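Enquirer: Contents of work20.cif (mmCIF, C-alpha atoms and all ligand atoms) are given next:
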data_final
loop_
_atom_site.label_atom_id
_atom_site.label_comp_id
_atom_site.auth_asym_id
_atom_site.auth_seq_id
_atom_site.Cartn_x
_atom_site.Cartn_y
_atom_site.Cartn_z
CA MET A 1 82.38 81.30 116.90
CA LYS A 2 84.43 78.97 119.16
CA GLU A 3 85.44 80.28 122.57
CA LYS A 4 89.12 79.53 122.05
CA LEU A 5 90.28 80.20 118.52
CA HIS A 6 93.43 79.35 116.67
CA ALA A 7 94.67 82.53 115.02
CA CYS A 8 97.53 82.39 112.54
CA VAL A 9 99.50 85.61 112.03
CA ILE A 10 101.74 85.67 108.95
CA GLY A 11 104.65 88.06 109.36
CA ALA A 12 106.35 88.54 112.75
CA GLY A 13 107.42 92.15 112.19
CA LEU A 14 106.29 95.43 113.69
CA MET A 15 102.57 94.74 113.18
CA GLY A 16 102.49 90.94 113.24
CA HIS A 17 103.95 90.46 116.71
CA GLY A 18 101.56 93.04 118.19
CA ILE A 19 98.49 91.57 116.48
CA ALA A 20 99.51 88.13 117.76
CA GLN A 21 99.83 89.61 121.24
CA VAL A 22 96.21 90.83 121.19
CA PHE A 23 94.88 87.35 120.34
CA ALA A 24 97.16 85.71 122.92
CA GLN A 25 96.14 88.21 125.61
CA ALA A 26 92.50 87.31 124.97
CA GLY A 27 93.34 83.65 125.64
CA HIS A 28 93.39 82.42 122.03
CA LYS A 29 96.07 80.15 120.61
CA VAL A 30 98.26 82.05 118.11
CA THR A 31 100.77 80.73 115.63
CA ILE A 32 103.14 83.31 114.17
CA CYS A 33 104.71 82.39 110.85
CA ASP A 34 107.67 84.18 109.26
CA PRO A 35 110.37 82.87 106.89
CA ASP A 36 112.98 85.02 108.66
CA ALA A 37 114.19 82.94 111.63
CA ALA A 38 115.83 85.89 113.37
CA ILE A 39 112.67 88.04 113.29
CA LEU A 40 110.50 85.09 114.31
CA GLU A 41 112.71 84.20 117.24
CA VAL A 42 112.57 87.66 118.83
CA ALA A 43 108.77 88.04 118.47
CA PRO A 44 108.03 86.64 121.97
CA GLN A 45 110.66 88.99 123.46
CA ARG A 46 108.98 91.93 121.75
CA VAL A 47 105.60 90.81 123.09
CA ALA A 48 107.09 90.40 126.59
CA HIS A 49 108.57 93.92 126.40
CA ASN A 50 105.18 95.36 125.35
CA LEU A 51 103.42 93.58 128.20
CA GLU A 52 105.99 94.63 130.80
CA GLN A 53 105.60 98.25 129.64
CA MET A 54 101.86 97.80 130.28
CA GLY A 55 102.49 96.32 133.73
CA ILE A 56 101.30 92.84 132.69
CA SER A 57 103.22 89.69 133.53
CA PRO A 58 104.04 88.02 130.17
CA GLY A 59 104.06 84.33 131.20
CA ALA A 60 100.44 83.34 130.51
CA VAL A 61 100.29 85.36 127.28
CA LEU A 62 103.52 83.91 125.89
CA ALA A 63 102.24 80.39 126.64
CA ASN A 64 99.55 80.97 123.95
CA ILE A 65 102.08 81.91 121.24
CA PHE A 66 103.70 79.37 118.90
CA LEU A 67 106.30 80.05 116.22
CA THR A 68 106.95 78.43 112.86
CA GLN A 69 108.60 79.14 109.52
CA ASP A 70 106.27 76.67 107.80
CA LEU A 71 103.14 78.27 106.33
CA LYS A 72 101.37 75.00 105.64
CA SER A 73 101.41 73.79 109.24
CA ALA A 74 100.73 77.32 110.59
CA ALA A 75 97.51 77.66 108.60
CA ALA A 76 96.41 74.02 108.83
CA ASP A 77 93.85 74.35 111.63
CA ALA A 78 93.48 78.13 111.82
CA ASP A 79 90.09 79.77 112.39
CA ILE A 80 91.48 83.10 111.20
CA VAL A 81 94.64 83.89 109.25
CA ILE A 82 95.91 87.46 109.41
CA GLU A 83 98.53 88.54 106.91
CA ALA A 84 101.05 91.20 108.03
CA ILE A 85 103.84 90.88 105.44
CA PRO A 86 105.45 93.76 103.47
CA GLU A 87 103.20 96.15 101.55
CA ARG A 88 103.70 94.61 98.09
CA LEU A 89 100.70 93.51 96.08
CA GLU A 90 102.28 90.54 94.30
CA LEU A 91 103.70 89.17 97.57
CA LYS A 92 100.30 89.35 99.25
CA GLN A 93 98.46 87.87 96.23
CA LYS A 94 100.82 84.91 96.17
CA LEU A 95 100.63 84.41 99.92
CA PHE A 96 96.82 84.38 99.98
CA ALA A 97 96.73 81.85 97.15
CA GLU A 98 98.87 79.57 99.34
CA ILE A 99 96.90 80.28 102.52
CA ALA A 100 93.63 79.46 100.75
CA GLU A 101 95.10 76.09 99.86
CA TYR A 102 96.33 75.27 103.38
CA ALA A 103 93.72 76.83 105.71
CA PRO A 104 90.44 75.08 106.65
CA GLU A 105 87.35 75.93 104.57
CA HIS A 106 85.78 77.93 107.39
CA ALA A 107 88.85 80.11 108.07
CA ILE A 108 88.56 83.89 107.83
CA LEU A 109 91.33 85.26 105.60
CA ALA A 110 92.36 88.77 106.66
CA SER A 111 94.89 91.26 105.33
CA ASN A 112 96.49 94.02 107.38
CA THR A 113 97.46 96.04 104.30
CA SER A 114 97.73 99.77 104.96
CA VAL A 115 96.34 100.99 101.65
CA ILE A 116 96.14 98.26 98.98
CA PRO A 117 92.55 97.43 97.97
CA ILE A 118 91.57 94.05 99.42
CA THR A 119 89.91 93.14 96.11
CA SER A 120 93.28 93.29 94.32
CA ILE A 121 94.91 91.15 97.01
CA GLY A 122 92.26 88.46 96.43
CA GLU A 123 92.55 88.42 92.62
CA LEU A 124 94.08 84.93 92.46
CA LEU A 125 91.52 83.36 94.80
CA SER A 126 88.54 81.12 94.06
CA ASP A 127 85.03 82.52 94.68
CA ASP A 128 84.82 80.59 97.95
CA ALA A 129 88.10 81.97 99.28
CA ARG A 130 87.28 85.51 98.09
CA ALA A 131 84.06 85.35 100.11
CA ARG A 132 86.19 84.74 103.23
CA LEU A 133 88.70 87.51 102.46
CA VAL A 134 88.34 90.71 104.47
CA GLY A 135 90.55 93.66 105.38
CA THR A 136 91.50 94.10 109.02
CA HIS A 137 93.56 97.25 109.13
CA TRP A 138 95.18 97.53 112.55
CA TRP A 139 97.16 100.60 113.68
CA ASN A 140 100.65 100.74 115.06
CA PRO A 141 101.22 99.70 117.82
CA PRO A 142 98.38 97.21 117.40
CA HIS A 143 98.32 96.10 121.02
CA LEU A 144 97.63 99.70 122.11
CA VAL A 145 95.73 101.53 119.37
CA PRO A 146 92.07 100.48 119.66
CA LEU A 147 90.89 100.98 116.06
CA VAL A 148 90.74 98.20 113.49
CA GLU A 149 89.11 99.00 110.13
CA VAL A 150 87.18 95.98 108.88
CA VAL A 151 86.99 96.27 105.10
CA ARG A 152 84.63 94.30 102.90
CA THR A 153 84.94 93.80 99.18
CA GLU A 154 82.05 93.12 96.84
CA TYR A 155 82.88 89.42 97.27
CA THR A 156 83.15 89.29 101.09
CA SER A 157 80.25 87.38 102.63
CA GLU A 158 78.09 89.20 105.17
CA ALA A 159 78.75 86.38 107.66
CA VAL A 160 82.54 86.85 107.42
CA PHE A 161 82.28 90.66 107.56
CA GLU A 162 80.07 90.52 110.66
CA SER A 163 81.92 87.75 112.49
CA THR A 164 85.28 89.48 111.93
CA PHE A 165 83.81 92.65 113.39
CA GLN A 166 82.39 90.76 116.40
CA LEU A 167 85.67 88.89 116.95
CA LEU A 168 87.61 92.17 117.10
CA LEU A 169 85.06 93.57 119.56
CA SER A 170 85.54 90.48 121.74
CA LEU A 171 89.32 91.14 121.71
CA GLY A 172 88.67 94.57 123.23
CA LYS A 173 89.40 96.47 120.01
CA SER A 174 87.24 99.27 118.54
CA PRO A 175 86.44 97.93 115.08
CA VAL A 176 84.64 100.00 112.44
CA LYS A 177 82.99 98.77 109.27
CA VAL A 178 84.27 100.03 105.91
CA TYR A 179 81.59 99.25 103.33
CA ARG A 180 83.58 100.02 100.17
CA ASP A 181 87.05 98.77 99.38
CA VAL A 182 88.66 102.15 98.59
CA PRO A 183 92.50 102.53 98.66
CA GLY A 184 93.63 103.57 102.16
CA PHE A 185 90.19 102.81 103.65
CA ILE A 186 89.22 105.65 106.04
CA GLY A 187 92.05 106.39 108.46
CA ASN A 188 94.95 106.47 106.02
CA ARG A 189 93.00 108.59 103.53
CA LEU A 190 92.43 111.17 106.26
CA GLN A 191 95.95 110.91 107.62
CA HIS A 192 97.67 111.20 104.26
CA ALA A 193 95.44 114.04 103.09
CA MET A 194 97.03 115.94 105.97
CA TRP A 195 100.56 114.69 105.24
CA ARG A 196 100.21 115.80 101.59
CA GLU A 197 99.40 119.33 102.72
CA ALA A 198 102.05 119.28 105.47
CA ILE A 199 104.84 118.24 103.11
CA SER A 200 103.65 120.76 100.53
CA LEU A 201 103.82 123.60 103.10
CA VAL A 202 107.45 122.67 103.84
CA ALA A 203 108.30 122.27 100.13
CA GLN A 204 106.82 125.71 99.40
CA GLY A 205 108.91 127.30 102.19
CA VAL A 206 105.85 128.37 104.19
CA CYS A 207 107.42 126.85 107.32
CA ASP A 208 109.90 124.17 108.38
CA ALA A 209 108.98 120.59 109.26
CA GLU A 210 109.32 121.14 113.00
CA THR A 211 106.81 123.99 112.80
CA VAL A 212 104.26 121.73 111.12
CA ASP A 213 104.52 119.31 114.07
CA THR A 214 104.28 122.17 116.59
CA VAL A 215 101.18 123.60 114.90
CA VAL A 216 99.39 120.23 114.93
CA LYS A 217 100.43 119.23 118.45
CA GLN A 218 99.71 122.64 120.01
CA SER A 219 96.33 123.21 118.35
CA PHE A 220 93.82 120.87 116.74
CA GLY A 221 95.91 117.81 117.63
CA MET A 222 95.09 118.44 121.31
CA ARG A 223 91.37 118.37 120.54
CA LEU A 224 91.34 115.33 118.28
CA PRO A 225 90.95 112.65 121.00
CA PHE A 226 87.80 114.46 122.18
CA LEU A 227 86.49 116.06 119.00
CA GLY A 228 86.50 114.33 115.62
CA PRO A 229 86.36 116.41 112.43
CA MET A 230 82.65 115.83 111.91
CA GLU A 231 81.89 116.85 115.49
CA ASN A 232 84.17 119.86 115.04
CA ALA A 233 82.42 120.95 111.84
CA ASP A 234 79.06 120.75 113.59
CA LEU A 235 80.47 122.56 116.61
CA VAL A 236 81.67 125.59 114.63
CA GLY A 237 78.66 125.35 112.31
CA LEU A 238 78.45 124.38 108.67
CA THR A 239 78.13 127.99 107.50
CA LEU A 240 81.65 128.72 108.77
CA ALA A 241 82.88 125.37 107.45
CA LYS A 242 81.61 126.29 103.97
CA GLN A 243 83.09 129.82 104.10
CA VAL A 244 86.51 128.40 105.09
CA HIS A 245 86.41 125.80 102.33
CA GLN A 246 85.51 128.45 99.71
CA VAL A 247 88.69 130.37 100.55
CA ILE A 248 91.23 127.59 101.08
CA PHE A 249 90.18 124.65 98.89
CA PRO A 250 91.43 126.31 95.67
CA ASP A 251 94.83 126.78 97.35
CA LEU A 252 95.27 123.38 99.03
CA CYS A 253 97.70 120.86 97.58
CA ASN A 254 95.93 118.45 95.25
CA ASP A 255 99.01 116.65 93.87
CA THR A 256 98.31 113.17 92.54
CA GLN A 257 101.96 112.08 92.93
CA PRO A 258 104.24 112.06 95.99
CA ASN A 259 105.90 115.45 96.59
CA ARG A 260 109.30 115.95 94.92
CA LEU A 261 110.69 116.87 98.32
CA LEU A 262 110.45 113.20 99.32
CA ASP A 263 112.50 112.17 96.26
CA GLN A 264 115.12 114.81 97.04
CA LEU A 265 115.46 113.61 100.65
CA LEU A 266 115.49 109.94 99.69
CA GLU A 267 118.15 110.56 96.99
CA HIS A 268 120.43 111.73 99.85
CA GLY A 269 119.61 108.65 101.96
CA HIS A 270 117.42 110.73 104.30
CA GLU A 271 114.98 107.94 105.19
CA GLY A 272 113.79 109.33 108.53
CA MET A 273 114.58 108.33 112.12
CA ARG A 274 116.30 105.16 110.89
CA SER A 275 119.01 107.17 109.06
CA GLY A 276 119.14 110.15 111.42
CA GLN A 277 117.56 112.53 108.89
CA GLY A 278 114.21 112.70 107.18
CA LEU A 279 111.90 115.69 107.07
CA ARG A 280 113.57 116.47 110.43
CA ALA A 281 116.99 115.59 111.93
CA TRP A 282 117.18 112.85 114.60
CA THR A 283 119.83 111.62 117.00
CA GLN A 284 119.42 107.99 118.12
CA GLU A 285 118.48 109.25 121.61
CA GLN A 286 115.79 111.56 120.24
CA ALA A 287 114.32 108.78 118.08
CA ASP A 288 114.31 106.35 121.03
CA GLU A 289 112.65 108.97 123.22
CA VAL A 290 109.87 109.60 120.64
CA ARG A 291 109.15 105.86 120.49
CA LYS A 292 109.22 105.49 124.27
CA GLN A 293 106.99 108.51 124.90
CA LEU A 294 104.56 107.32 122.20
CA ALA A 295 104.19 103.92 123.89
CA LEU A 296 103.86 105.40 127.40
CA ARG A 297 101.30 108.03 126.32
CA LEU A 298 99.28 105.45 124.40
CA ILE A 299 99.31 103.12 127.43
CA ASP A 300 98.04 106.04 129.50
CA SER A 301 95.26 106.88 127.03
CA VAL A 302 94.22 103.22 126.86
CA LYS A 303 93.90 103.31 130.67
CA HIS A 304 92.01 106.62 130.56
CA PRO A 305 90.06 106.64 127.26
CA ALA A 306 88.59 109.95 126.05
CA SER A 307 85.11 108.51 125.48
N1 LIG B 1 104.06 99.74 110.19
C1 LIG B 1 102.86 100.29 110.37
O1 LIG B 1 102.70 101.33 111.05
C2 LIG B 1 101.65 99.62 109.77
C3 LIG B 1 100.37 99.99 110.24
C4 LIG B 1 99.25 99.32 109.71
C5 LIG B 1 99.43 98.39 108.71
N2 LIG B 1 100.68 98.08 108.25
C6 LIG B 1 100.81 97.05 107.23
O2 LIG B 1 101.12 95.81 107.85
C7 LIG B 1 101.93 95.03 106.98
C8 LIG B 1 103.22 94.63 107.69
O3 LIG B 1 103.90 95.81 108.06
P1 LIG B 1 105.06 95.81 109.16
O4 LIG B 1 105.33 97.24 109.45
O5 LIG B 1 104.73 94.88 110.26
O6 LIG B 1 106.27 95.19 108.29
P2 LIG B 1 107.62 94.51 108.81
O7 LIG B 1 108.60 94.71 107.72
O8 LIG B 1 107.96 94.97 110.19
O9 LIG B 1 107.24 92.96 108.92
C9 LIG B 1 106.94 92.18 107.81
C10 LIG B 1 107.36 90.74 108.13
O10 LIG B 1 106.87 89.89 107.09
C11 LIG B 1 107.85 88.90 106.86
N3 LIG B 1 107.61 88.33 105.54
C12 LIG B 1 108.04 88.75 104.36
N4 LIG B 1 107.58 87.95 103.37
C13 LIG B 1 106.84 87.01 103.97
C14 LIG B 1 106.12 85.89 103.50
N5 LIG B 1 106.02 85.63 102.21
N6 LIG B 1 105.50 85.11 104.41
C15 LIG B 1 105.55 85.41 105.72
N7 LIG B 1 106.23 86.46 106.23
C16 LIG B 1 106.86 87.25 105.35
C17 LIG B 1 109.18 89.59 107.03
O11 LIG B 1 110.21 88.66 107.32
C18 LIG B 1 108.87 90.53 108.19
O12 LIG B 1 109.20 89.95 109.43
C19 LIG B 1 102.15 95.87 105.72
O13 LIG B 1 101.17 95.55 104.77
C20 LIG B 1 101.94 97.29 106.24
O14 LIG B 1 101.58 98.18 105.23
C21 LIG B 1 101.80 98.66 108.78
#
Is it possible to express this structure as structure tokens?
Ligand SMILES: NC(=O)c1ccc[n+]([C@@H]2O[C@H](COP(=O)([O-])OP(=O)(O)OC[C@H]3O[C@@H](n4cnc5c(N)ncnc54)[C@H](O)[C@@H]3O)[C@@H](O)[C@H]2O)c1

Expert:
Amino acid sequence: MKEKLHACVIGAGLMGHGIAQVFAQAGHKVTICDPDAAILEVAPQRVAHNLEQMGISPGAVLANIFLTQDLKSAAADADIVIEAIPERLELKQKLFAEIAEYAPEHAILASNTSVIPITSIGELLSDDARARLVGTHWWNPPHLVPLVEVVRTEYTSEAVFESTFQLLLSLGKSPVKVYRDVPGFIGNRLQHAMWREAISLVAQGVCDAETVDTVVKQSFGMRLPFLGPMENADLVGLTLAKQVHQVIFPDLCNDTQPNRLLDQLLEHGHEGMRSGQGLRAWTQEQADEVRKQLALRLIDSVKHPAS
């Protein structure tokens, strides 16, 4: 792969601007494309704010970032195109059909979808383009969270799968390979298995939402950076793991639809921090403080990684 790449990031929102920042910080040229002029325009300011929070002077990084509303010119000489537009299958399918038309024949085509199978996103593509389509699932905030899940479909070429993985390594990320294109990949399946149970506990009146957060943060959440679930199972021993599962598996939530509690909250406009009320109540100051503390703590753990 070339030393200096041209990366094209489609979507300048929460994820797109941060993904662009990572490429620009590594010295690559990045073009960010978004049809919304207002969102596009503030992307460099958001990158500058992120960098300042990290104690990095933004000038050299911002010099690598270019903005456009025109997809055709954005993709024209890209080595990799990363899509970070809203989580809607038909939008992504249509976008990739256009990207495949505009991007060079060697370009890697990557989607940052959270949970949609990459195979479905590539349904409108030719065999050649499908072979270059791969999932790159970054985590928010992408400039701080190290993991990127690299997802291959049955059509993805080995060369694209491997070179995407190597590229992310070279950017200083911690990529992992996901060999089967299952909905939600690895991280979101694990995360939402826990959210399903957490919401169910609240809906059943076992505890309130704040208590769920306290339990996680004051117990196994503290261990997670140092002890993954597989390590933990081996640490306590598989005999105990099996005994625990025999007792609690029959009682755990196994709903196949979102909990009714979410509908009830949403019907009242309780969207979360944005509206001041979700599973918990939020003042603007509290919401701002959560976001600020999250960024500062993540910056600290990037500086002092657990392993
Ligand atoms: N927010 C997260 O924590 C997170 C984490 C990982 C992955 N993701 C995934 O990343 C993707 C983007 O999420 P986000 O949170 O950044 O969304 P966002 O709403 O902040 O940004 C999406 C951007 O895409 C733009 N857009 C819409 N249609 C477009 C089009 N056709 N072409 C180009 N740009 C278009 C919008 O103007 C907007 O700026 C989604 O698939 C999401 O599921 C999100």

Enquirer: Can you tell me which residues surround range 149-156 of chain A at a distance of at most 10 Å, considering only C-alpha atoms, apart from same-chain residues fewer than 5 positions away, and format the answer as a PyMOL selection string?

Expert: chain A and resi 110-112+117-120+122+127-139+161-162+164-165+168+174-182+185-187

Enquirer: CA of Gly221 in chain A and CA of Val202 in chain A, how far apart in Å?

Expert: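 Rounded to one decimal, the two atoms are 18.6 Å apart.
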
Enquirer: Could you report the residues within 10 Å of ligand LIG 1 (chain B), using only C-alpha atoms and all ligand atoms, as a PyMOL selection string?

Expert: chain A and resi 9-19+32-40+43+69-71+82-89+91-96+98+111-116+136-142+148+188

Enquirer: State, in Å with one decimal place, the distance from CA of His143 in chain A to CA of Asn50 in chain A.

Expert: 8.1 Å

Enquirer: Name the residues in contact with Glu105 in chain A at a cut-off of 10 Å, using all atoms listed in the file, excluding same-chain residues fewer than 2 positions from it; report them as a PyMOL selection string.

Expert: chain A and resi 77-79+100-103+107-108+128-129+132

Enquirer: Give me, please, the distance in Å between CA of Arg46 in chain A and CA of Cys8 in chain A, quoted to one decimal.

Expert: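 We find that CA of Arg46 in chain A and CA of Cys8 in chain A lie 17.5 Å from each other.
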
Enquirer: What lies within 8 Å of Leu265 in chain A using all atoms listed in the file, ignoring chain neighbours under 4 positions off, as a ChimeraX atom specification?

Expert: /A:261,269-271,278-279

Enquirer: Write out, as a PDB file, in the coordinates of the input, the residues just selected, with C-alpha atoms.

Expert:
ATOM      1  CA  LEU A 261     110.690 116.870  98.320  1.00  0.00           C
ATOM      2  CA  GLY A 269     119.610 108.650 101.960  1.00  0.00           C
ATOM      3  CA  HIS A 270     117.420 110.730 104.300  1.00  0.00           C
ATOM      4  CA  GLU A 271     114.980 107.940 105.190  1.00  0.00           C
ATOM      5  CA  GLY A 278     114.210 112.700 107.180  1.00  0.00           C
ATOM      6  CA  LEU A 279     111.900 115.690 107.070  1.00  0.00           C
TER       7      LEU A 279
END

Enquirer: Determine the nearest neighbour of Ser163 in chain A from the options A:Ala193, A:Ile80, A:Leu224, A:Ala203, counting all atoms listed in the file.

Expert: A:Ile80

Enquirer: Compile the contact shell of Gly272 in chain A as a list in words: residues with an atom at most 12 Å away, counting all atoms listed in the file, same-chain residues fewer than 6 positions apart removed.

Expert: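 Close residues of Gly272 in chain A: Leu262, Leu265, Leu266, Gly278, Leu279, Arg280, Ala281, Trp282, Thr283, Gln284 and Ala287 of chain A.
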
Enquirer: Please provide the set of residues having any atom within 9 Å of Ala24 in chain A, restricted to all atoms listed in the file, with same-chain residues fewer than 2 positions apart removed, written as a PyMOL selection string.

Expert: chain A and resi 7+19-22+26-30+60-65

Enquirer: Between A:Lys217, A:Arg297, A:Arg196, A:Arg274, single out the one closest to Val145 in chain A, counting all atoms listed in the file.

Expert: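 For Val145 in chain A, the nearest of the candidates is A:Arg297.
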
Enquirer: Looking at A:Arg189, A:His6, A:His268, A:His49, which one is nearest to Ala74 in chain A, with distances taken over all atoms listed in the file?

Expert: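 Among the listed residues, A:His6 lies closest to Ala74 in chain A.
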
Enquirer: Just checking: using all atoms listed in the file, which residue out of A:Val160, A:Phe249, A:Leu201, A:Asp255 ends up closest to Leu109 in chain A?

Expert: A:Val160
